[in-house]
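Written out below as structure tokens is the structure these notes cover.
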Amino acid sequence: MALPQTAPTTLPILNNKGGIGKTTTAVNLAAGLARAGQTVLVVDLDSQVSASLSLGLSRDQLSPSVADVLFGDANVEDAIRTLDADPVDLLPASLDLANADVSLFNADDRHHRLARLLDEVEPLYDFIFLDCPPSTSLLTLNAMVAGDALLIPVSPAYLALEGVVRLGEVIKQARDSLNQTTPVLGLLLTMVDREIDNTEAVISQIRTYYGEKVFSTEIRHDDSLVRAAEQGRSIFAQSPASPGADDYAALASEVYERAQQHRVSSSSPAASSQHERGTTDLR
């Protein structure tokens, strides 16, 4: 079912831990919303270029990249690609992003450069997803400044709750240092396999602690998601009848609804006051 067009929403997808489905979520959530009628841009901010490869680009097709745009060597419009397999646009990464902290360190706008560049193309899109590196780097800080709300994937493995609490502390420190109040749109349970011991207990812990902040949708473990990435296609293009496609379609609807609610609540004085107080626990 097609979703109504909406005001632009920029969502960084971040976690300082790797291997928890961050890029998989960026690619397939974007594709799910695009297939529901939304205009979507994926910005790959990770020097590992996983999102770019997962959306069908080869390594020799990465230039010009978001690094070229950030460093002033290319225009953002020239770096954005339209893809063949999926109805999303892509601003690809490159290995040069590994030098971003050094290259931008002395720039006066080093924390706001991404936001200013995205301002040029934001009116063209309903959703912009920022696939962040698994670290609290200058690129991640840029994403937090550019974002309207944060989406945080969490894999329900041993000590997952402790990891999310620590991430909350890191996000609060970043918010305080940047004087930013970017809220958390939601926590997403990924790579869920309820046949693994302790999975149910970990999910219960996370849902009890964070309550409604956790998305109702859970992304089940599905090998089809890996195969789709290997083929440079979203799960919808590669295996549209798979559990992964069902889960990301459900997530797309839930993210859309939360984004609408966020726009209403973030404009209220009470919400602004709450954001100014901040929190270390993401709730």
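We name chains A, B, ... following the order of the structure tokens; residues begin at 1 in each chain, and ligands are numbered from 1 as shown.
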Tell me, which residues of region 6-191 of chain A carry DSSP strand (DSSP E or B), written as a tab-separated table (two decimals) with C-alpha atoms, in the first residue's frame?
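Dumped everything to selection-v7.tsv:
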chain	number	residue	atom	x	y	z
A	9	THR	CA	12.94	13.19	7.62
A	10	THR	CA	16.65	12.42	8.08
A	11	LEU	CA	17.40	9.35	10.20
A	12	PRO	CA	20.94	8.32	11.20
A	13	ILE	CA	21.17	4.57	11.80
A	40	VAL	CA	14.41	7.90	-0.36
A	41	LEU	CA	18.14	8.63	-0.27
A	42	VAL	CA	20.72	6.40	1.43
A	43	VAL	CA	23.96	8.13	2.48
A	44	ASP	CA	26.80	5.68	3.15
A	81	ARG	CA	23.32	7.75	-7.96
A	82	THR	CA	20.01	6.41	-9.18
A	89	ASP	CA	19.00	6.98	-4.55
A	90	LEU	CA	22.47	6.48	-3.10
A	91	LEU	CA	25.25	8.81	-2.04
A	127	PHE	CA	13.39	10.07	3.93
A	128	ILE	CA	17.19	10.26	4.09
A	129	PHE	CA	18.96	7.40	5.87
A	130	LEU	CA	22.52	7.88	7.12
A	131	ASP	CA	24.42	4.60	7.49
A	150	LEU	CA	18.12	8.40	15.69
A	151	LEU	CA	17.37	4.77	14.82
A	152	ILE	CA	19.41	2.25	16.81
A	153	PRO	CA	19.63	-1.43	15.81
A	154	VAL	CA	20.24	-3.89	18.65
A	184	VAL	CA	15.78	8.56	19.50
A	185	LEU	CA	13.04	7.47	17.12
A	186	GLY	CA	13.36	3.88	18.25
A	187	LEU	CA	15.45	0.82	19.04
A	188	LEU	CA	15.19	-2.02	16.55
A	189	LEU	CA	15.73	-5.67	17.47
A	190	THR	CA	17.70	-7.29	14.64
A	191	MET	CA	19.02	-10.76	13.81
Please list as a tab-separated table (two decimals) with N, CA and C atoms, in the first residue's frame every residue within 7 Å of region 92-94 of chain A, counting only C-alpha atoms and excluding residues in the same chain fewer than 2 positions away.
chain	number	residue	atom	x	y	z
A	43	VAL	N	22.63	7.53	2.44
A	43	VAL	CA	23.96	8.13	2.48
A	43	VAL	C	24.87	7.17	3.24
A	44	ASP	N	25.86	6.63	2.56
A	44	ASP	CA	26.80	5.68	3.15
A	44	ASP	C	27.97	6.46	3.74
A	45	LEU	N	28.07	6.44	5.07
A	45	LEU	CA	29.12	7.19	5.77
A	45	LEU	C	30.22	6.30	6.32
A	46	ASP	N	30.24	5.05	5.93
A	46	ASP	CA	31.19	4.09	6.47
A	46	ASP	C	32.26	3.79	5.42
A	47	SER	N	33.52	3.93	5.78
A	47	SER	CA	34.61	3.69	4.82
A	47	SER	C	34.69	2.24	4.37
A	49	VAL	N	32.24	0.84	3.02
A	49	VAL	CA	31.37	0.97	1.84
A	49	VAL	C	30.34	-0.15	1.71
A	52	SER	N	26.97	0.81	0.05
A	52	SER	CA	27.15	1.07	-1.39
A	52	SER	C	27.23	-0.22	-2.17
A	62	LEU	N	32.56	4.04	-7.15
A	62	LEU	CA	32.30	4.80	-5.93
A	62	LEU	C	32.62	6.29	-6.06
A	65	SER	N	32.19	10.32	-4.40
A	65	SER	CA	31.56	9.76	-3.21
A	65	SER	C	31.20	10.86	-2.23
A	66	VAL	N	30.59	10.46	-1.12
A	66	VAL	CA	30.27	11.43	-0.08
A	66	VAL	C	31.53	12.05	0.49
A	67	ALA	N	32.66	11.32	0.44
A	67	ALA	CA	33.93	11.91	0.88
A	67	ALA	C	34.31	13.09	0.01
A	90	LEU	N	21.34	6.81	-3.97
A	90	LEU	CA	22.47	6.48	-3.10
A	90	LEU	C	23.56	7.53	-3.24
A	96	ASP	N	38.18	6.86	1.28
A	96	ASP	CA	38.67	8.17	1.72
A	96	ASP	C	37.98	8.65	3.00
A	97	LEU	N	36.82	8.09	3.33
A	97	LEU	CA	36.14	8.48	4.56
A	97	LEU	C	36.96	8.15	5.80
Note to self: Just checking: using only C-alpha atoms, which residue out of A:Gly18, A:Ala259, A:Gly244, A:Tyr209 ends up closest to Val165 (chain A)?
What the structure shows: A:Tyr209
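A straight line drawn from CA of Ala115 (chain A) to CA of Gly147 (chain A) is 7.9 Å long.
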